[in-house]
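Peer 1: Structure supplied as my_file.txt; contents: compact mmCIF, C-alpha atoms.
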# COMPACT_ATOMS: atom_id res chain seq x y z
CA MET A 1 0.00 0.00 0.00
CA VAL A 2 1.05 3.62 -0.56
CA ILE A 3 0.53 6.45 1.91
CA GLY A 4 0.42 9.78 0.09
CA ALA A 5 -0.80 10.26 -3.49
CA GLY A 6 1.56 12.97 -4.74
CA GLY A 7 3.99 12.84 -7.64
CA ILE A 8 6.55 10.66 -5.88
CA ALA A 9 3.87 8.05 -5.14
CA GLU A 10 3.32 7.72 -8.88
CA GLU A 11 7.03 6.96 -9.35
CA HIS A 12 6.72 4.07 -6.90
CA LEU A 13 3.54 2.80 -8.56
CA LYS A 14 5.05 2.92 -12.05
CA ALA A 15 8.01 0.89 -10.84
CA ILE A 16 5.89 -1.69 -9.05
CA THR A 17 3.76 -2.32 -12.14
CA THR A 18 6.90 -3.78 -13.77
CA MET A 19 7.36 -6.31 -10.95
CA ASP A 20 5.50 -9.61 -11.10
CA SER A 21 6.28 -10.43 -7.47
CA LEU A 22 4.44 -7.46 -5.95
CA ASN A 23 0.90 -6.08 -5.96
CA VAL A 24 -0.24 -2.74 -4.57
CA ILE A 25 -3.66 -3.02 -2.96
CA GLY A 26 -4.43 0.48 -1.70
CA ILE A 27 -3.52 4.15 -1.55
CA ALA A 28 -4.45 6.82 0.99
CA ASP A 29 -4.32 10.60 0.89
CA ILE A 30 -6.00 13.30 2.95
CA ASN A 31 -7.14 14.68 -0.41
CA LEU A 32 -9.65 11.94 -1.22
CA GLU A 33 -10.18 13.09 -4.81
CA ARG A 34 -6.47 12.81 -5.48
CA ALA A 35 -6.35 9.36 -3.89
CA LYS A 36 -9.32 8.29 -6.03
CA GLU A 37 -7.73 9.62 -9.22
CA VAL A 38 -4.49 7.69 -8.65
CA ALA A 39 -6.36 4.59 -7.48
CA GLU A 40 -8.43 4.46 -10.65
CA ARG A 41 -5.32 4.57 -12.82
CA TYR A 42 -3.71 1.67 -10.97
CA HIS A 43 -6.84 -0.28 -9.99
CA LEU A 44 -6.42 0.21 -6.23
CA LYS A 45 -8.67 0.69 -3.24
CA TYR A 46 -8.48 4.24 -1.94
CA PHE A 47 -8.84 5.83 1.47
CA GLN A 48 -8.66 9.24 3.09
CA SER A 49 -7.20 7.79 6.31
CA TYR A 50 -4.10 5.63 6.16
CA HIS A 51 -4.97 4.35 9.64
CA GLU A 52 -8.20 2.93 8.24
CA MET A 53 -6.41 1.55 5.18
CA VAL A 54 -3.87 -0.32 7.30
CA LYS A 55 -6.58 -1.74 9.58
CA GLN A 56 -8.72 -2.92 6.65
CA LEU A 57 -6.07 -4.18 4.22
CA GLN A 58 -3.36 -5.36 6.65
CA PRO A 59 -0.59 -4.90 4.06
CA GLU A 60 2.83 -6.51 4.29
CA ILE A 61 4.63 -3.35 3.11
CA ALA A 62 3.82 0.34 3.57
CA ILE A 63 5.37 2.87 1.18
CA ILE A 64 5.36 6.27 2.91
CA THR A 65 5.52 9.27 0.56
CA LEU A 66 4.09 11.95 2.84
CA PRO A 67 5.51 15.42 3.54
CA HIS A 68 8.56 15.15 5.77
CA PHE A 69 6.90 16.30 9.00
CA LEU A 70 4.39 13.44 8.79
CA HIS A 71 6.98 10.66 8.40
CA LYS A 72 7.39 9.87 12.08
CA GLU A 73 3.73 9.39 12.94
CA ALA A 74 3.02 7.28 9.85
CA ALA A 75 6.16 5.15 10.18
CA VAL A 76 5.59 4.38 13.86
CA PHE A 77 1.92 3.51 13.26
CA CYS A 78 2.73 1.22 10.32
CA ALA A 79 5.62 -0.50 12.13
CA ASP A 80 3.39 -1.04 15.18
CA SER A 81 0.85 -2.57 12.77
CA GLY A 82 3.45 -5.07 11.57
CA CYS A 83 4.24 -3.47 8.20
CA HIS A 84 7.67 -3.45 6.62
CA LEU A 85 8.54 0.09 5.49
CA LEU A 86 9.80 1.83 2.39
CA MET A 87 10.33 5.44 3.47
CA GLU A 88 10.92 8.38 1.21
CA LYS A 89 14.00 10.31 2.28
CA PRO A 90 14.70 12.10 4.54
CA LEU A 91 13.78 9.62 7.24
CA ALA A 92 12.35 12.46 9.39
CA ILE A 93 12.70 16.17 10.09
CA SER A 94 14.86 15.70 13.21
CA SER A 95 17.21 13.24 14.86
CA GLN A 96 14.68 12.70 17.64
CA HIS A 97 12.01 11.68 15.15
CA CYS A 98 14.53 9.34 13.48
CA VAL A 99 15.22 7.68 16.84
CA GLU A 100 11.49 7.14 17.47
CA ILE A 101 11.02 5.53 14.06
CA ILE A 102 14.04 3.26 14.53
CA GLU A 103 12.76 2.21 17.96
CA ALA A 104 9.39 1.27 16.43
CA VAL A 105 11.10 -0.74 13.68
CA ASN A 106 13.25 -2.58 16.21
CA ARG A 107 10.52 -3.41 18.71
CA ASN A 108 8.27 -4.77 15.96
CA GLN A 109 11.08 -6.60 14.17
CA VAL A 110 10.14 -5.24 10.75
CA ILE A 111 12.43 -4.24 7.89
CA MET A 112 12.79 -0.59 6.84
CA LEU A 113 14.52 0.77 3.76
CA VAL A 114 14.89 4.53 3.36
CA GLY A 115 14.81 5.53 -0.29
CA GLN A 116 18.18 7.21 -0.76
CA THR A 117 17.93 6.98 -4.54
CA GLN A 118 21.52 8.10 -5.17
CA GLN A 119 22.49 4.53 -4.30
CA TYR A 120 20.53 3.18 -7.27
CA ILE A 121 21.46 5.66 -10.02
CA SER A 122 23.37 3.99 -12.83
CA GLN A 123 26.33 6.40 -12.92
CA ASN A 124 26.84 6.19 -9.17
CA LEU A 125 26.80 2.37 -9.28
CA THR A 126 29.43 2.42 -12.03
CA ALA A 127 31.56 4.91 -10.07
CA LYS A 128 31.44 2.84 -6.89
CA ALA A 129 32.62 -0.24 -8.79
CA LEU A 130 35.50 1.78 -10.26
CA ILE A 131 36.52 3.06 -6.83
CA LYS A 132 36.87 -0.53 -5.67
CA ASN A 133 38.46 -2.03 -8.78
CA ALA A 134 40.32 0.67 -10.74
CA PRO A 135 43.99 1.52 -9.96
CA LEU A 136 43.15 5.00 -8.70
CA GLY A 137 45.10 4.81 -5.45
CA THR A 138 44.14 6.56 -2.23
CA LEU A 139 41.15 8.93 -2.20
CA ILE A 140 42.32 12.38 -1.11
CA SER A 141 39.37 14.72 -1.77
CA ILE A 142 35.86 15.07 -3.21
CA GLN A 143 34.09 18.05 -4.77
CA GLU A 144 30.31 17.88 -5.07
CA ASN A 145 28.52 20.63 -7.04
CA ARG A 146 24.77 20.72 -7.49
CA HIS A 147 22.71 23.57 -8.92
CA THR A 148 18.99 23.68 -9.62
CA SER A 149 16.29 26.36 -9.63
CA TYR A 150 14.68 25.27 -6.38
CA PHE A 151 11.95 27.83 -5.73
CA THR A 152 9.61 27.09 -8.62
CA LYS A 153 5.83 27.17 -8.94
CA GLN A 154 5.84 23.44 -9.54
CA ARG A 155 7.28 22.68 -6.10
CA PRO A 156 4.53 21.70 -3.59
CA ALA A 157 3.86 24.47 -1.07
CA TRP A 158 4.79 22.33 1.96
CA PHE A 159 8.39 22.14 0.70
CA LEU A 160 8.63 25.90 1.27
CA ASP A 161 7.37 25.75 4.86
CA LYS A 162 10.25 24.94 7.22
CA SER A 163 7.96 23.43 9.87
CA LYS A 164 6.77 20.86 7.33
CA SER A 165 9.85 20.24 5.18
CA GLY A 166 12.58 20.61 7.81
CA GLY A 167 14.45 23.25 5.81
CA GLY A 168 15.28 24.51 2.37
CA ILE A 169 17.58 23.16 -0.31
CA MET A 170 20.02 21.74 2.23
CA PHE A 171 17.44 19.61 3.98
CA ASN A 172 16.02 18.32 0.72
CA LEU A 173 18.77 18.11 -1.92
CA GLY A 174 21.63 18.35 0.57
CA ASN A 175 20.35 15.06 1.94
CA HIS A 176 21.16 13.53 -1.47
CA CYS A 177 24.64 15.06 -1.47
CA ILE A 178 25.53 13.67 1.96
CA ASP A 179 24.12 10.26 1.14
CA LYS A 180 26.12 10.17 -2.09
CA LEU A 181 29.38 11.03 -0.30
CA GLN A 182 28.81 8.51 2.47
CA TRP A 183 27.70 5.68 0.19
CA LEU A 184 30.45 6.12 -2.40
CA THR A 185 33.12 6.07 0.30
CA ASP A 186 31.47 3.58 2.70
CA SER A 187 32.02 6.07 5.51
CA ARG A 188 30.14 8.70 7.51
CA ILE A 189 30.42 12.47 7.66
CA SER A 190 32.24 13.25 10.91
CA ARG A 191 33.06 16.99 10.74
CA VAL A 192 31.17 19.89 9.15
CA GLN A 193 31.84 23.59 8.62
CA ALA A 194 29.19 25.42 6.61
CA SER A 195 27.82 28.74 5.41
CA LEU A 196 24.27 29.12 4.09
CA SER A 197 22.49 31.94 2.26
CA TYR A 198 18.89 33.12 2.55
CA HIS A 199 18.26 35.40 -0.45
CA ALA A 200 15.16 33.69 -1.87
CA ASP A 201 11.59 34.92 -1.34
CA TYR A 202 11.18 32.56 1.64
CA PRO A 203 13.18 34.03 4.56
CA GLU A 204 13.33 30.80 6.59
CA MET A 205 14.45 28.68 3.65
CA GLU A 206 18.15 28.51 2.83
CA ALA A 207 18.81 28.69 -0.91
CA SER A 208 22.50 27.73 -1.00
CA ALA A 209 25.16 25.99 1.04
CA ALA A 210 28.95 26.03 0.91
CA ILE A 211 30.29 23.22 3.08
CA LEU A 212 33.59 21.68 4.03
CA MET A 213 33.01 18.15 5.34
CA HIS A 214 35.32 15.36 6.43
CA THR A 215 34.47 11.70 6.28
CA SER A 216 35.18 9.28 9.11
CA ALA A 217 38.17 8.13 7.01
CA GLY A 218 39.56 11.69 7.03
CA VAL A 219 38.69 12.59 3.41
CA PRO A 220 37.82 16.29 2.90
CA CYS A 221 34.70 16.99 0.83
CA LEU A 222 33.73 20.35 -0.62
CA VAL A 223 30.01 20.70 -1.31
CA ASN A 224 28.48 23.62 -3.21
CA LEU A 225 24.70 23.58 -3.38
CA SER A 226 22.61 26.32 -4.98
CA GLY A 227 18.91 26.77 -5.58
CA TYR A 228 19.01 30.19 -7.25
CA GLU A 229 18.18 30.79 -10.90
CA GLY A 230 20.69 29.42 -13.37
CA ILE A 231 21.70 26.35 -15.33
CA SER A 232 20.99 23.09 -13.55
CA GLY A 233 23.85 20.66 -13.09
CA GLU A 234 25.17 17.93 -10.81
CA GLU A 235 28.81 16.89 -10.82
CA THR A 236 31.03 14.94 -8.44
CA VAL A 237 34.83 14.95 -8.81
CA MET A 238 36.87 12.50 -6.73
CA THR A 239 40.64 13.00 -6.64
CA PHE A 240 42.93 10.04 -5.89
CA THR A 241 46.71 9.69 -5.67
CA ASN A 242 46.80 7.98 -9.09
CA GLY A 243 43.97 9.66 -10.95
CA MET A 244 40.51 11.24 -10.91
CA LEU A 245 36.92 10.15 -11.25
CA LYS A 246 34.07 12.42 -12.41
CA ILE A 247 30.37 11.62 -12.19
CA ILE A 248 27.74 13.61 -14.06
CA ASN A 249 24.53 12.06 -12.83
CA HIS A 250 22.11 10.74 -15.44
CA GLN A 251 24.75 11.36 -18.12
CA ALA A 252 28.21 9.81 -17.80
CA VAL A 253 31.17 8.70 -15.70
CA TYR A 254 34.74 9.69 -16.56
CA ILE A 255 38.07 8.40 -15.29
CA SER A 256 41.48 10.04 -15.61
CA ILE A 257 44.74 8.15 -15.18
CA GLY A 258 47.58 10.06 -16.75
CA GLY A 259 45.96 13.45 -17.18
CA LYS A 260 43.05 12.93 -19.58
CA TYR A 261 39.40 12.18 -18.85
CA GLU A 262 37.90 9.26 -20.73
CA ALA A 263 34.27 8.15 -20.61
CA VAL A 264 33.64 4.82 -18.93
CA PRO A 265 31.10 2.37 -20.39
CA ASN A 266 27.94 2.60 -18.35
CA PRO A 267 25.17 -0.03 -18.41
CA PRO A 268 21.64 1.08 -19.34
CA ALA A 269 19.98 2.88 -16.47
CA LYS A 270 17.40 0.96 -14.46
CA ASN A 271 14.56 2.59 -12.56
CA PRO A 272 15.93 3.50 -9.10
CA PHE A 273 12.45 3.04 -7.58
CA GLU A 274 12.31 -0.51 -8.89
CA LEU A 275 15.85 -1.25 -7.68
CA GLN A 276 15.17 -0.02 -4.17
CA MET A 277 11.94 -2.02 -3.96
CA ARG A 278 13.78 -5.17 -5.09
CA ASP A 279 16.40 -4.40 -2.46
CA LEU A 280 13.70 -4.19 0.22
CA LEU A 281 12.12 -7.46 -0.92
CA ASP A 282 15.50 -9.21 -0.72
CA CYS A 283 16.03 -7.86 2.79
CA ILE A 284 12.58 -9.06 3.90
CA GLN A 285 13.23 -12.51 2.47
CA GLU A 286 16.66 -12.69 4.13
CA ASN A 287 15.49 -10.99 7.35
CA ARG A 288 18.18 -8.31 7.34
CA GLN A 289 18.22 -4.54 7.42
CA PRO A 290 19.39 -2.87 4.16
CA TYR A 291 22.41 -0.65 3.60
CA SER A 292 20.07 2.34 3.72
CA SER A 293 18.67 1.34 7.09
CA GLY A 294 17.17 3.57 9.73
CA ALA A 295 20.58 3.98 11.36
CA TYR A 296 22.14 4.96 8.04
CA ALA A 297 19.38 7.45 7.17
CA HIS A 298 19.66 8.89 10.68
CA SER A 299 23.37 9.55 10.05
CA VAL A 300 22.41 11.60 6.99
CA VAL A 301 19.89 13.68 8.97
CA ARG A 302 22.47 14.25 11.73
CA ALA A 303 24.95 15.55 9.16
CA VAL A 304 22.32 17.92 7.73
CA GLU A 305 21.54 19.19 11.24
CA ALA A 306 25.28 19.76 11.79
CA VAL A 307 25.34 21.96 8.65
CA TYR A 308 22.64 24.22 10.10
CA GLU A 309 24.33 24.36 13.49
CA SER A 310 27.69 25.20 11.94
CA HIS A 311 26.15 28.06 10.00
CA LEU A 312 24.44 29.46 13.10
CA THR A 313 27.52 29.21 15.34
CA ALA A 314 30.20 29.90 12.71
CA LYS A 315 32.04 26.88 14.11
CA GLU A 316 33.08 23.47 12.90
CA MET A 317 30.72 20.79 14.20
CA ILE A 318 31.92 17.35 15.26
CA ILE A 319 29.38 14.57 14.69
CA SER A 320 29.74 11.88 17.33
What does the file become when written as structure tokens?

Peer 2:
Amino acid sequence: MVIGAGGIAEEHLKAITTMDSLNVIGIADINLERAKEVAERYHLKYFQSYHEMVKQLQPEIAIITLPHFLHKEAAVFCADSGCHLLMEKPLAISSQHCVEIIEAVNRNQVIMLVGQTQQYISQNLTAKALIKNAPLGTLISIQENRHTSYFTKQRPAWFLDKSKSGGGIMFNLGNHCIDKLQWLTDSRISRVQASLSYHADYPEMEASAAILMHTSAGVPCLVNLSGYEGISGEETVMTFTNGMLKIINHQAVYISIGGKYEAVPNPPAKNPFELQMRDLLDCIQENRQPYSSGAYAHSVVRAVEAVYESHLTAKEMIIS
């Protein structure tokens, strides 16, 4: 079943329709007309209350695609009802909410995967394999640059309300940046020094971030994130002692050994939403928590919180 009938719910539903091993039985949204519209397209039962849907349908898996501030209540209720969970990222709007969700997952012995989709994007998968197998040497630094026009009319209004979204571009897209750095390096962000800007039309919402991070392995990472008007782009450059690796998401991966970038063959992209669902199904079958577990997703939220705290205090933050 799916909780929330917005655009991201449709991405999950499209992916699931390609999978013979899984059937969606219901969808719920506080906007009943929207729930009905989506349900009719995918031949589902529809509800206004997800509490009622869970009680009636008793699903094995709950896919939670609600606004960020509603994640904790829905996740705890579904876990307490015995549902395995596929959560949209971020796990929650605060570390405390993350802890409460993780506690519910643990006490009910269910499996939870948090949809950090960077881990399923074709170019990132190719890059991670190269990091392990190519003769690049020791990783010495990473630069992550992401630009997109964030404050658009197409963005749902709740994204631009800090109490509902958790923050601006850092809390939303910065979550992807931190996940990407942690996952590619199999480490955690341990130190953060950051400066944010607030020049958009929403005074509480940061529109850019310039961050110096260090991983738990001691690798410095420079992150530049901007949501102002301009040309969209997303590029990661990893510098090693014997070469360089560049990722342009949804386009290509390049490797340089000897001073020249060359494109690396990249397999056809697969739908990240399908890949993460297959990952969850494997974890359920094998009774194990996934790489992107509650604890992992909590580490991402903690790093995001450290960015805000560093900006406010003008100090480097140590993440314990």

Peer 1: Using only C-alpha atoms, which residue out of A:Ser165, A:Ser299, A:Asn271, A:Asn287 lies closest to Lys14 of chain A?

Peer 2: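 Using only C-alpha atoms, Lys14 of chain A sits closest to A:Asn271.
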
Peer 1: Compare A:Ile178, A:Leu212, A:Val54, A:Ile3 by their minimum atom-to-atom distance to Asn31 of chain A, counting all atoms listed in the file, and give me the closest one.

Peer 2: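 When distances to Asn31 of chain A are compared using all atoms listed in the file, the smallest one comes from A:Ile3.
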
Peer 1: Which residue, A:Lys128, A:His298, A:Lys153, A:Lys180, has the smallest gap to Ser94 of chain A when you use only C-alpha atoms?

Peer 2: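 Going through A:Lys128, A:His298, A:Lys153, A:Lys180 one by one, the smallest distance to Ser94 of chain A is for A:His298.
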
Peer 1: Go ahead and compute the interatomic distance for atom CA of Gln118 of chain A and atom CA of Pro272 of chain A, in Å to one decimal.

Peer 2: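 Separation of atom CA of Gln118 of chain A and atom CA of Pro272 of chain A: 8.2 Å.
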
Peer 1: Can you list, as a PyMOL selection string, every protein, DNA or RNA residue that comes within 7 Å of Gln123 of chain A when you count all atoms listed in the file, leaving out same-chain residues fewer than 4 positions away?

Peer 2: chain A and resi 127+247+249-250+252-253+266

Peer 1: Give me, as a list in words, all polymer residues having an atom no more than 12 Å from Asp186 of chain A, counting all atoms listed in the file and skipping those fewer than 5 positions away in the same chain.

Peer 2: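 Once the nearby chain positions are removed, what remains is Gln119, Lys128, Ile131, Lys132, Ile178, Asp179, Lys180, Leu181, Thr215, Ser216, Ala217, Val219, Tyr291, Ser292 and Tyr296 of chain A.
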